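Novice: Below is the file run00.cif, with mmCIF, C-alpha atoms and all ligand atoms.
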data_data
#
loop_
_atom_site.label_atom_id
_atom_site.label_comp_id
_atom_site.auth_asym_id
_atom_site.auth_seq_id
_atom_site.Cartn_x
_atom_site.Cartn_y
_atom_site.Cartn_z
CA MET A 10 -30.88 -37.87 36.41
CA ASN A 11 -31.61 -34.20 35.73
CA ASN A 12 -33.83 -32.76 32.98
CA LYS A 13 -31.05 -32.56 30.41
CA GLU A 14 -29.69 -36.06 31.00
CA ILE A 15 -33.17 -37.56 30.74
CA MET A 16 -34.06 -35.58 27.61
CA ASP A 17 -30.77 -36.48 25.89
CA MET A 18 -31.12 -40.19 26.60
CA ALA A 19 -34.78 -40.26 25.56
CA GLU A 20 -33.97 -38.42 22.32
CA GLN A 21 -31.41 -41.09 21.51
CA TYR A 22 -33.66 -44.10 22.04
CA VAL A 23 -37.33 -43.14 21.77
CA LEU A 24 -38.99 -43.10 18.36
CA HIS A 25 -39.52 -39.47 17.51
CA THR A 26 -43.31 -39.28 17.08
CA TYR A 27 -43.80 -36.42 19.56
CA ASN A 28 -42.30 -32.95 19.74
CA ARG A 29 -42.05 -32.89 23.51
CA PHE A 30 -41.87 -29.85 25.77
CA PRO A 31 -38.28 -29.44 27.08
CA MET A 32 -38.89 -30.83 30.56
CA ALA A 33 -38.76 -34.22 32.29
CA VAL A 34 -41.53 -34.88 34.82
CA ASP A 35 -40.44 -36.35 38.11
CA HIS A 36 -43.63 -36.42 40.17
CA GLY A 37 -46.96 -34.76 40.85
CA GLU A 38 -48.77 -33.66 43.99
CA GLY A 39 -52.31 -32.30 43.98
CA VAL A 40 -52.53 -29.96 40.98
CA LYS A 41 -48.75 -29.45 40.83
CA VAL A 42 -46.12 -31.25 38.81
CA TYR A 43 -42.35 -31.22 39.52
CA ASP A 44 -39.59 -31.74 36.97
CA ALA A 45 -36.30 -33.56 37.42
CA ASP A 46 -34.54 -30.28 38.30
CA GLY A 47 -37.07 -29.62 41.09
CA LYS A 48 -39.03 -26.87 39.31
CA GLU A 49 -42.75 -26.65 40.17
CA TYR A 50 -45.53 -26.31 37.59
CA LEU A 51 -49.24 -25.68 37.95
CA ASP A 52 -50.96 -28.34 35.85
CA PHE A 53 -53.73 -27.21 33.51
CA MET A 54 -53.50 -30.18 31.15
CA ALA A 55 -53.81 -33.11 33.58
CA GLY A 56 -52.01 -35.60 31.34
CA ILE A 57 -54.49 -34.63 28.57
CA ALA A 58 -57.69 -34.70 30.61
CA VAL A 59 -56.63 -37.84 32.50
CA HIS A 60 -55.80 -36.71 36.05
CA ALA A 61 -59.27 -35.60 37.06
CA LEU A 62 -58.35 -36.12 40.72
CA GLY A 63 -54.90 -34.54 40.44
CA TYR A 64 -51.85 -36.42 41.69
CA GLN A 65 -51.39 -38.55 44.82
CA HIS A 66 -55.03 -38.65 45.81
CA PRO A 67 -54.84 -40.68 49.08
CA ALA A 68 -57.89 -42.95 48.56
CA TYR A 69 -56.91 -43.59 44.92
CA ASN A 70 -53.33 -44.46 45.85
CA GLU A 71 -54.52 -46.70 48.64
CA ALA A 72 -56.82 -48.64 46.30
CA LEU A 73 -53.94 -49.23 43.87
CA GLU A 74 -51.54 -50.25 46.65
CA THR A 75 -54.07 -52.74 48.04
CA GLN A 76 -54.62 -54.27 44.62
CA LEU A 77 -50.87 -54.37 43.91
CA HIS A 78 -50.49 -56.77 46.80
CA LYS A 79 -53.36 -59.00 45.64
CA VAL A 80 -53.14 -59.57 41.90
CA LEU A 81 -52.34 -57.24 38.98
CA HIS A 82 -53.46 -59.37 36.10
CA ILE A 83 -55.20 -62.65 35.41
CA SER A 84 -56.94 -62.52 31.95
CA ASN A 85 -60.58 -62.23 31.04
CA LEU A 86 -61.01 -65.99 31.38
CA TYR A 87 -61.79 -65.47 35.10
CA TYR A 88 -64.05 -63.22 37.17
CA HIS A 89 -62.65 -60.82 39.75
CA GLU A 90 -64.13 -58.35 42.19
CA PRO A 91 -62.55 -55.17 40.75
CA LEU A 92 -64.08 -56.01 37.34
CA ALA A 93 -67.56 -56.49 38.80
CA LEU A 94 -67.32 -53.29 40.85
CA ALA A 95 -65.87 -51.18 38.02
CA ALA A 96 -68.46 -52.38 35.50
CA LYS A 97 -71.31 -51.79 37.92
CA ALA A 98 -70.12 -48.25 38.70
CA LEU A 99 -69.61 -47.38 35.03
CA VAL A 100 -72.90 -48.85 33.82
CA THR A 101 -74.85 -47.26 36.68
CA SER A 102 -73.39 -43.83 35.98
CA THR A 103 -74.13 -43.98 32.23
CA GLY A 104 -77.71 -45.25 32.19
CA LEU A 105 -76.55 -47.91 29.71
CA SER A 106 -76.38 -51.70 30.11
CA ARG A 107 -73.03 -53.39 29.71
CA ALA A 108 -69.36 -52.40 29.73
CA PHE A 109 -66.29 -53.83 28.01
CA PHE A 110 -62.94 -52.56 29.34
CA THR A 111 -60.08 -51.75 26.98
CA ASN A 112 -56.51 -50.50 27.34
CA SER A 113 -56.98 -47.15 25.64
CA GLY A 114 -59.40 -44.78 24.00
CA ALA A 115 -58.58 -45.94 20.50
CA GLU A 116 -59.36 -49.51 21.51
CA ALA A 117 -62.68 -48.39 22.97
CA ILE A 118 -63.50 -46.90 19.55
CA GLU A 119 -62.45 -50.12 17.80
CA GLY A 120 -64.79 -52.10 20.04
CA ALA A 121 -67.65 -49.64 19.55
CA LEU A 122 -67.29 -49.90 15.76
CA LYS A 123 -67.28 -53.69 15.92
CA ALA A 124 -70.33 -53.73 18.18
CA ALA A 125 -72.24 -51.45 15.77
CA LYS A 126 -71.27 -53.56 12.76
CA LYS A 127 -72.23 -56.76 14.55
CA TYR A 128 -75.58 -55.28 15.58
CA ALA A 129 -76.44 -54.50 11.95
CA PHE A 130 -75.08 -57.86 10.80
CA THR A 131 -77.30 -59.68 13.30
CA ARG A 132 -80.34 -57.64 12.27
CA ASP A 133 -79.85 -57.83 8.48
CA GLY A 134 -78.14 -61.20 8.14
CA HIS A 135 -75.31 -59.72 6.10
CA ALA A 136 -72.23 -57.49 6.49
CA GLY A 137 -71.26 -54.43 4.43
CA HIS A 138 -72.51 -51.65 6.71
CA GLU A 139 -71.18 -48.12 6.91
CA ILE A 140 -70.24 -45.64 9.62
CA VAL A 141 -70.96 -41.91 9.48
CA ALA A 142 -68.33 -39.85 11.32
CA MET A 143 -67.56 -36.12 11.57
CA ARG A 144 -64.99 -33.90 9.92
CA GLN A 145 -62.45 -32.37 12.36
CA SER A 146 -63.09 -35.27 14.75
CA PHE A 147 -60.52 -37.27 16.66
CA HIS A 148 -61.00 -40.88 17.70
CA GLY A 149 -57.47 -42.29 17.99
CA ARG A 150 -54.47 -43.58 16.07
CA THR A 151 -55.15 -47.26 15.47
CA VAL A 152 -56.28 -48.10 11.95
CA GLY A 153 -59.99 -48.45 12.70
CA ALA A 154 -60.08 -45.34 14.91
CA LEU A 155 -58.01 -43.41 12.37
CA SER A 156 -60.50 -44.40 9.65
CA VAL A 157 -63.24 -42.47 11.45
CA THR A 158 -60.98 -39.52 12.37
CA GLY A 159 -61.92 -36.72 9.98
CA ASN A 160 -58.46 -35.24 9.58
CA ALA A 161 -56.55 -35.64 6.29
CA HIS A 162 -53.22 -34.82 7.93
CA TYR A 163 -53.54 -37.82 10.27
CA GLN A 164 -55.01 -40.14 7.63
CA ASP A 165 -53.23 -39.50 4.34
CA PRO A 166 -49.91 -41.33 4.85
CA PHE A 167 -51.79 -44.47 5.89
CA LEU A 168 -54.37 -44.85 3.13
CA PRO A 169 -56.17 -47.04 2.36
CA LEU A 170 -57.78 -47.28 5.78
CA MET A 171 -60.96 -49.16 6.80
CA GLY A 172 -63.58 -48.64 4.11
CA GLY A 173 -67.25 -47.84 4.56
CA VAL A 174 -66.82 -44.52 6.35
CA ARG A 175 -68.62 -41.34 5.28
CA PHE A 176 -67.88 -37.94 6.77
CA ALA A 177 -70.35 -35.21 7.65
CA ASP A 178 -69.98 -31.75 9.15
CA PHE A 179 -70.23 -31.50 12.93
CA ASN A 180 -73.17 -29.36 14.06
CA ASP A 181 -74.77 -29.56 10.60
CA LEU A 182 -77.75 -31.92 10.71
CA SER A 183 -78.50 -31.77 6.99
CA SER A 184 -74.92 -32.80 6.25
CA VAL A 185 -75.38 -35.85 8.51
CA GLU A 186 -78.72 -36.67 6.87
CA ALA A 187 -77.02 -36.52 3.47
CA ALA A 188 -74.27 -38.90 4.58
CA VAL A 189 -76.70 -41.51 5.95
CA SER A 190 -77.78 -44.32 3.64
CA GLU A 191 -79.50 -47.72 3.80
CA LYS A 192 -76.10 -49.11 4.74
CA THR A 193 -75.43 -46.87 7.74
CA CYS A 194 -75.13 -48.83 10.99
CA ALA A 195 -73.79 -46.08 13.25
CA ILE A 196 -73.24 -42.35 13.58
CA LEU A 197 -70.14 -41.53 15.61
CA LEU A 198 -69.36 -38.19 17.17
CA GLU A 199 -67.70 -36.51 20.14
CA THR A 200 -70.26 -34.78 22.35
CA VAL A 201 -67.62 -32.06 22.67
CA GLN A 202 -64.94 -32.19 19.97
CA GLY A 203 -61.57 -32.09 21.74
CA GLU A 204 -58.51 -32.33 19.50
CA GLY A 205 -60.42 -30.60 16.72
CA GLY A 206 -60.50 -27.36 18.73
CA ILE A 207 -63.02 -27.66 21.63
CA TYR A 208 -66.41 -27.51 19.92
CA PRO A 209 -69.46 -28.57 21.97
CA ALA A 210 -72.30 -30.13 19.99
CA ASP A 211 -75.27 -27.80 19.52
CA PRO A 212 -78.28 -29.15 21.44
CA GLU A 213 -80.52 -29.08 18.32
CA PHE A 214 -77.88 -30.91 16.32
CA LEU A 215 -77.36 -33.70 18.84
CA LYS A 216 -81.09 -34.14 19.45
CA GLY A 217 -81.61 -34.22 15.69
CA VAL A 218 -78.96 -36.91 15.24
CA ARG A 219 -80.55 -38.93 18.05
CA LYS A 220 -83.94 -38.70 16.34
CA LEU A 221 -82.48 -39.67 12.97
CA CYS A 222 -80.83 -42.72 14.57
CA ASP A 223 -84.13 -43.75 16.20
CA GLU A 224 -86.06 -43.44 12.95
CA LYS A 225 -83.59 -45.53 10.96
CA ASP A 226 -82.40 -48.01 13.62
CA ILE A 227 -78.89 -46.55 13.44
CA LEU A 228 -76.74 -46.74 16.58
CA LEU A 229 -75.54 -43.45 18.03
CA ILE A 230 -71.97 -43.76 19.31
CA LEU A 231 -70.87 -40.90 21.53
CA ASP A 232 -67.13 -40.61 22.05
CA GLU A 233 -66.70 -39.10 25.51
CA ILE A 234 -63.13 -40.27 25.92
CA GLN A 235 -62.09 -36.67 26.59
CA CYS A 236 -65.31 -34.88 27.55
CA GLY A 237 -66.77 -37.55 29.85
CA MET A 238 -66.08 -38.36 33.51
CA GLY A 239 -67.33 -35.11 34.96
CA ARG A 240 -65.23 -32.81 32.80
CA THR A 241 -68.10 -30.79 31.37
CA GLY A 242 -69.91 -30.36 34.68
CA SER A 243 -72.04 -33.50 34.37
CA MET A 244 -70.75 -37.05 34.70
CA TRP A 245 -71.35 -37.52 30.95
CA ALA A 246 -71.67 -34.57 28.61
CA TYR A 247 -74.73 -36.11 26.90
CA GLU A 248 -76.73 -35.70 30.14
CA GLN A 249 -76.83 -31.97 29.37
CA TYR A 250 -78.56 -32.72 26.05
CA GLY A 251 -81.29 -34.93 27.51
CA ILE A 252 -80.37 -37.91 25.34
CA LEU A 253 -78.67 -41.29 25.70
CA PRO A 254 -76.21 -42.82 23.23
CA ASP A 255 -76.55 -46.45 22.13
CA ILE A 256 -72.83 -46.86 22.65
CA LEU A 257 -70.52 -44.72 24.77
CA THR A 258 -66.73 -44.69 24.61
CA THR A 259 -64.67 -43.51 27.58
CA ALA A 260 -60.99 -43.61 28.58
CA LYS A 261 -58.70 -40.72 29.66
CA ALA A 262 -60.07 -39.87 33.17
CA LEU A 263 -61.80 -43.25 33.61
CA GLY A 264 -58.75 -44.64 35.42
CA CYS A 265 -57.17 -41.29 36.37
CA GLY A 266 -53.70 -42.42 35.32
CA VAL A 267 -53.81 -46.16 34.70
CA PRO A 268 -54.32 -47.19 31.07
CA VAL A 269 -57.98 -48.10 30.82
CA GLY A 270 -60.88 -47.30 28.53
CA ALA A 271 -64.26 -48.84 27.91
CA PHE A 272 -67.13 -49.03 25.50
CA VAL A 273 -70.53 -49.26 27.10
CA LEU A 274 -73.54 -50.62 25.26
CA GLY A 275 -77.13 -49.62 25.80
CA GLU A 276 -79.66 -52.41 26.07
CA LYS A 277 -80.48 -52.57 22.37
CA ALA A 278 -76.85 -52.97 21.30
CA ALA A 279 -75.97 -55.20 24.26
CA LYS A 280 -78.73 -57.67 23.41
CA ALA A 281 -77.87 -58.20 19.78
CA SER A 282 -74.22 -57.51 18.99
CA LEU A 283 -71.01 -58.96 20.39
CA VAL A 284 -71.15 -62.53 21.75
CA PRO A 285 -68.42 -64.87 23.05
CA GLY A 286 -65.71 -65.18 20.42
CA ASP A 287 -66.41 -61.81 18.78
CA HIS A 288 -64.06 -59.63 20.77
CA GLY A 289 -61.32 -59.82 23.39
CA THR A 290 -58.23 -58.35 25.00
CA THR A 291 -55.50 -59.82 27.20
CA TYR A 292 -54.88 -56.86 29.47
CA GLY A 293 -58.15 -54.98 29.10
CA GLY A 294 -60.03 -54.57 32.39
CA ASN A 295 -57.44 -56.39 34.49
CA PRO A 296 -57.72 -56.30 38.31
CA PHE A 297 -55.26 -53.41 38.68
CA VAL A 298 -56.96 -50.98 36.29
CA CYS A 299 -60.43 -52.01 37.44
CA ALA A 300 -59.46 -51.33 41.06
CA ALA A 301 -58.51 -47.84 39.87
CA VAL A 302 -61.79 -47.36 38.01
CA ALA A 303 -63.85 -48.51 41.00
CA ALA A 304 -61.88 -46.17 43.28
CA VAL A 305 -62.34 -43.25 40.87
CA PHE A 306 -66.13 -43.63 40.83
CA ASP A 307 -66.16 -43.98 44.61
CA ILE A 308 -64.10 -40.81 45.08
CA PHE A 309 -66.20 -38.89 42.54
CA GLU A 310 -69.28 -39.65 44.59
CA LYS A 311 -67.84 -39.13 48.08
CA GLU A 312 -66.08 -35.87 47.17
CA HIS A 313 -68.82 -34.44 44.94
CA ILE A 314 -66.32 -34.00 42.11
CA VAL A 315 -68.92 -33.17 39.47
CA TRP A 316 -70.47 -30.48 41.64
CA ARG A 317 -67.02 -29.02 42.37
CA THR A 318 -66.25 -29.07 38.66
CA ARG A 319 -69.24 -26.84 37.98
CA THR A 320 -68.10 -24.28 40.54
CA ALA A 321 -64.51 -24.24 39.25
CA ALA A 322 -65.72 -24.13 35.64
CA ALA A 323 -67.93 -21.10 36.22
CA TYR A 324 -64.94 -19.26 37.67
CA LEU A 325 -62.57 -20.33 34.88
CA GLU A 326 -65.13 -19.31 32.26
CA LYS A 327 -65.43 -15.84 33.77
CA LYS A 328 -61.65 -15.41 34.02
CA LEU A 329 -61.07 -16.53 30.42
CA ASP A 330 -63.77 -14.13 29.22
CA GLU A 331 -61.90 -11.35 31.01
CA LEU A 332 -58.59 -12.49 29.52
CA MET A 333 -60.13 -12.43 26.06
CA ALA A 334 -61.56 -8.95 26.63
CA ALA A 335 -58.10 -7.74 27.68
CA HIS A 336 -56.38 -9.21 24.60
CA PRO A 337 -58.81 -8.91 21.70
CA GLU A 338 -56.00 -8.85 19.12
CA GLN A 339 -54.67 -12.22 20.26
CA ILE A 340 -57.74 -14.12 21.53
CA LYS A 341 -60.48 -14.50 18.93
CA ALA A 342 -62.96 -16.82 20.65
CA HIS A 343 -63.62 -18.65 23.89
CA ARG A 344 -65.53 -21.94 23.69
CA GLY A 345 -66.19 -24.97 25.83
CA LEU A 346 -68.24 -26.73 28.42
CA GLY A 347 -67.30 -27.08 32.09
CA LEU A 348 -63.57 -27.59 32.61
CA MET A 349 -63.01 -28.33 28.93
CA ARG A 350 -62.35 -24.93 27.39
CA GLY A 351 -60.50 -23.46 24.46
CA LEU A 352 -59.22 -20.05 23.50
CA ALA A 353 -59.02 -19.69 19.72
CA LEU A 354 -56.03 -17.47 19.01
CA ALA A 355 -55.23 -15.16 16.13
CA GLU A 356 -52.85 -16.44 13.43
CA THR A 357 -50.23 -13.97 14.64
CA CYS A 358 -50.29 -15.63 18.06
CA PRO A 359 -49.45 -19.36 17.75
CA ALA A 360 -50.97 -21.39 20.58
CA GLY A 361 -47.83 -23.54 20.69
CA LYS A 362 -45.75 -20.45 21.42
CA VAL A 363 -48.06 -19.44 24.27
CA ALA A 364 -47.86 -22.97 25.73
CA SER A 365 -44.03 -22.97 25.54
CA LEU A 366 -43.80 -19.58 27.20
CA ALA A 367 -46.28 -20.70 29.89
CA LEU A 368 -44.10 -23.75 30.60
CA GLU A 369 -41.13 -21.47 31.27
CA LYS A 370 -43.31 -19.54 33.70
CA GLY A 371 -44.47 -22.68 35.53
CA LEU A 372 -47.78 -23.54 33.86
CA LEU A 373 -48.51 -26.75 31.97
CA ILE A 374 -51.02 -26.09 29.22
CA ILE A 375 -51.58 -27.66 25.80
CA THR A 376 -53.06 -26.79 22.42
CA ALA A 377 -55.79 -28.22 20.20
CA GLY A 378 -56.42 -28.08 16.46
CA GLY A 379 -57.03 -24.75 14.76
CA ASN A 380 -54.61 -22.68 16.90
CA VAL A 381 -56.50 -23.24 20.13
CA LEU A 382 -55.11 -23.03 23.66
CA ARG A 383 -56.77 -25.93 25.49
CA PHE A 384 -57.77 -25.99 29.16
CA VAL A 385 -58.36 -29.46 30.62
CA PRO A 386 -57.13 -29.05 34.22
CA PRO A 387 -57.68 -31.51 37.06
CA LEU A 388 -61.32 -31.28 38.17
CA ILE A 389 -60.17 -30.45 41.70
CA ILE A 390 -58.71 -27.03 40.86
CA GLU A 391 -59.69 -24.13 43.11
CA SER A 392 -60.19 -20.48 42.32
CA ASP A 393 -56.66 -19.50 43.35
CA ASP A 394 -55.27 -22.08 40.89
CA VAL A 395 -57.37 -20.43 38.18
CA ASP A 396 -56.09 -17.00 39.24
CA ARG A 397 -52.48 -18.21 39.07
CA ALA A 398 -52.92 -19.81 35.63
CA VAL A 399 -54.65 -16.77 34.20
CA ALA A 400 -51.98 -14.45 35.65
CA ILE A 401 -49.27 -16.50 33.92
CA LEU A 402 -51.18 -16.45 30.63
CA GLU A 403 -51.73 -12.72 31.02
CA GLU A 404 -47.93 -12.32 31.18
CA CYS A 405 -47.49 -14.58 28.14
CA PHE A 406 -49.95 -12.61 26.02
CA ARG A 407 -48.41 -9.31 27.11
CA GLU A 408 -44.90 -10.50 26.20
CA LEU A 409 -46.03 -11.86 22.84
CA GLU A 410 -47.81 -8.57 22.11
CA ALA A 411 -44.62 -6.59 22.67
C1 LIG B 501 -57.72 -39.12 23.33
C2 LIG B 501 -58.91 -39.45 22.53
C3 LIG B 501 -59.04 -40.67 21.86
C4 LIG B 501 -57.93 -41.69 21.81
O1 LIG B 501 -57.59 -42.18 23.05
P1 LIG B 501 -56.19 -42.95 23.25
O2 LIG B 501 -56.24 -43.44 24.65
O3 LIG B 501 -55.10 -41.95 23.00
O4 LIG B 501 -56.16 -44.05 22.26
C5 LIG B 501 -60.23 -40.92 21.20
N1 LIG B 501 -61.24 -40.03 21.20
C6 LIG B 501 -61.15 -38.85 21.85
C7 LIG B 501 -62.29 -37.91 21.83
C8 LIG B 501 -59.98 -38.51 22.51
O5 LIG B 501 -59.87 -37.32 23.11
#
Could I get this structure in the form of structure tokens?
Specialist:
Amino acid sequence: MNNKEIMDMAEQYVLHTYNRFPMAVDHGEGVKVYDADGKEYLDFMAGIAVHALGYQHPAYNEALETQLHKVLHISNLYYHEPLALAAKALVTSTGLSRAFFTNSGAEAIEGALKAAKKYAFTRDGHAGHEIVAMRQSFHGRTVGALSVTGNAHYQDPFLPLMGGVRFADFNDLSSVEAAVSEKTCAILLETVQGEGGIYPADPEFLKGVRKLCDEKDILLILDEIQCGMGRTGSMWAYEQYGILPDILTTAKALGCGVPVGAFVLGEKAAKASLVPGDHGTTYGGNPFVCAAVAAVFDIFEKEHIVWRTRTAAAYLEKKLDELMAAHPEQIKAHRGLGLMRGLALAETCPAGKVASLALEKGLLIITAGGNVLRFVPPLIIESDDVDRAVAILEECFRELEA
């Protein structure tokens, strides 16, 4: 089937919850993606920060093929080697204690919220605790995750959501202090806000929240579903702040293409929260996805992916600064950490329009909230990939200026 045939059929049968770009992906190779008509694209969105290793990584593919011929799924009622290896790799890399694998990011958030509530329940002997979350945050589309997503547009049609959530302003410690009460069991935030428009946490803010949590025995949940797994130039973004969360959520690049997420508990939360019977999942952490996770950690280490990310990020940062300097009318700000960057555009220059034009010119790039052009490329990009992407964007901005 060609692009048009695929798009027409999908439009007839798929529930219309996405305004898709007019293209049907056929396959990927390295940092390139090919559509059903054979056109090549340079990928600077990586399946929304998923394909850290690009496409068709040989060792990754081999691990999946090997597991395919052993067993794909068995249920969490049995042990298996991929689970043990994946959990060990994840826990070791985080500095935390115990991992629970989920099928998605939203489910990792759900589990993290339950673990925090159970921790406070165990400590206090009663329920009724509250969560403090941030405005302009994004934590997923399931009801619990949506309840802590500080975005009226996403929430309003589905009210009432889970109760007991208070919102504070990101990077405003006094606002967080004001939202905390005797009932607060957890403070939840993204170390780098993604969907909200690529806003890294200020070091003083995050350290202040950590201190507040320590003083009041509140659990700090860091959502690194998008910004974790090497993306910011450290395996976990929080490493750059010199703190540890009590609970970490991860997904997106954790499996580099297979649907897997996790919440990871530090020792305090692991010791006194979820116990047998409290939580479960049929698919979560099955042998297939865990084989992928174990392979991903192995490849990250062997190929020094985090170190390479830093090099590529420094170059991308410089090039985007230059792009901004060349188009001051259209590009208002450049923010980010590592290979998670955003260009905030002027109102007269819709980010969606830039992304559509870039697609025509062979570049896959996406947007984030607040008219931001979002850069979350594979972590294996090289300087000539950056040059190519920036050259295409240069053309887009010049055409839109005219
Ligand atoms: C993508 C994302 C989620 C939701 O993950 P899904 O796998 O889409 O459910 C949650 N938090 C953050 C920060 C994300 O970027």
Novice: Throw together the list of residues within 9 Å of ligand LIG 501 (chain B), counting all atoms listed in the file, and drop it here as a PyMOL selection string.
Specialist: chain A and resi 57-58+112-118+146-151+154+158+198-204+232-236+258-261+268-270
Novice: Taking all atoms listed in the file into account, which of A:Ser106, A:Gln65, A:Asn12, A:Asn85 comes nearest A:Phe272?
Specialist: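 That would be A:Ser106, the residue with the smallest distance to A:Phe272.
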Novice: Out of A:Gly153, A:Asp52, A:Leu170, A:Ala125, which residue has the shortest atom-to-atom distance to A:Leu229 when counting all atoms listed in the file?
Specialist: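 Closest candidate: A:Ala125.
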Novice: Atom CA of A:Arg317 and atom CA of A:Tyr250, how far apart in Å?
Specialist: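 Going from atom CA of A:Tyr250 over to atom CA of A:Arg317, I get 20.3 Å.
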Novice: Point out the residue among A:Ile314, A:Ala278, A:Ile256, A:Val305 with the least atom-to-atom distance to A:Thr103, counting all atoms listed in the file.
Specialist: A:Ile256
Novice: Quote the spacing between atom CA of A:Cys405 and atom CA of A:Leu382 in Å to one decimal place.
Specialist: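 Separating atom CA of A:Cys405 from atom CA of A:Leu382 is a distance of 12.2 Å.
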Novice: For atom CA of A:Tyr69 and atom CA of A:Met244, determine how far apart the two atoms are, in Å to one decimal place.
Specialist: 18.4 Å
Novice: So, counting all atoms listed in the file, which residue among A:Asp44, A:Glu338, A:Glu310, A:Glu326 is closest to A:Val395?
Specialist: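 Smallest distance to A:Val395 is found for A:Glu326.
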Novice: Taking (-64.7, -40.3, 6.2) in the file's own coordinates, collect the residues within 7 Å, counting all atoms listed in the file, and hand them back as an MDAnalysis selection string.
Specialist: chainID A and resid 142 156:157 159 174:176
Novice: Pick from A:Cys265, A:Pro296, A:Ala323, A:Pro387: nearest to A:His78, with only C-alpha atoms counted?
Specialist: A:Pro296
Novice: Could the residues of stretch 21-114 of chain A that have an atom at most 10 Å from stretch 348-364 of chain A be listed as a Markdown table, each with its closest atom pair and the distance in Å to one decimal, counting only C-alpha atoms and ordered by chain and ascending residue number?
Specialist:
| residue | atom | partner | partner_atom | distance |
| --- | --- | --- | --- | --- |
| A:Phe30 | CA | A:Ala364 | CA | 9.1 |
| A:Phe53 | CA | A:Leu348 | CA | 9.9 |
| A:Met54 | CA | A:Met349 | CA | 9.9 |
| A:Ala58 | CA | A:Met349 | CA | 8.5 |
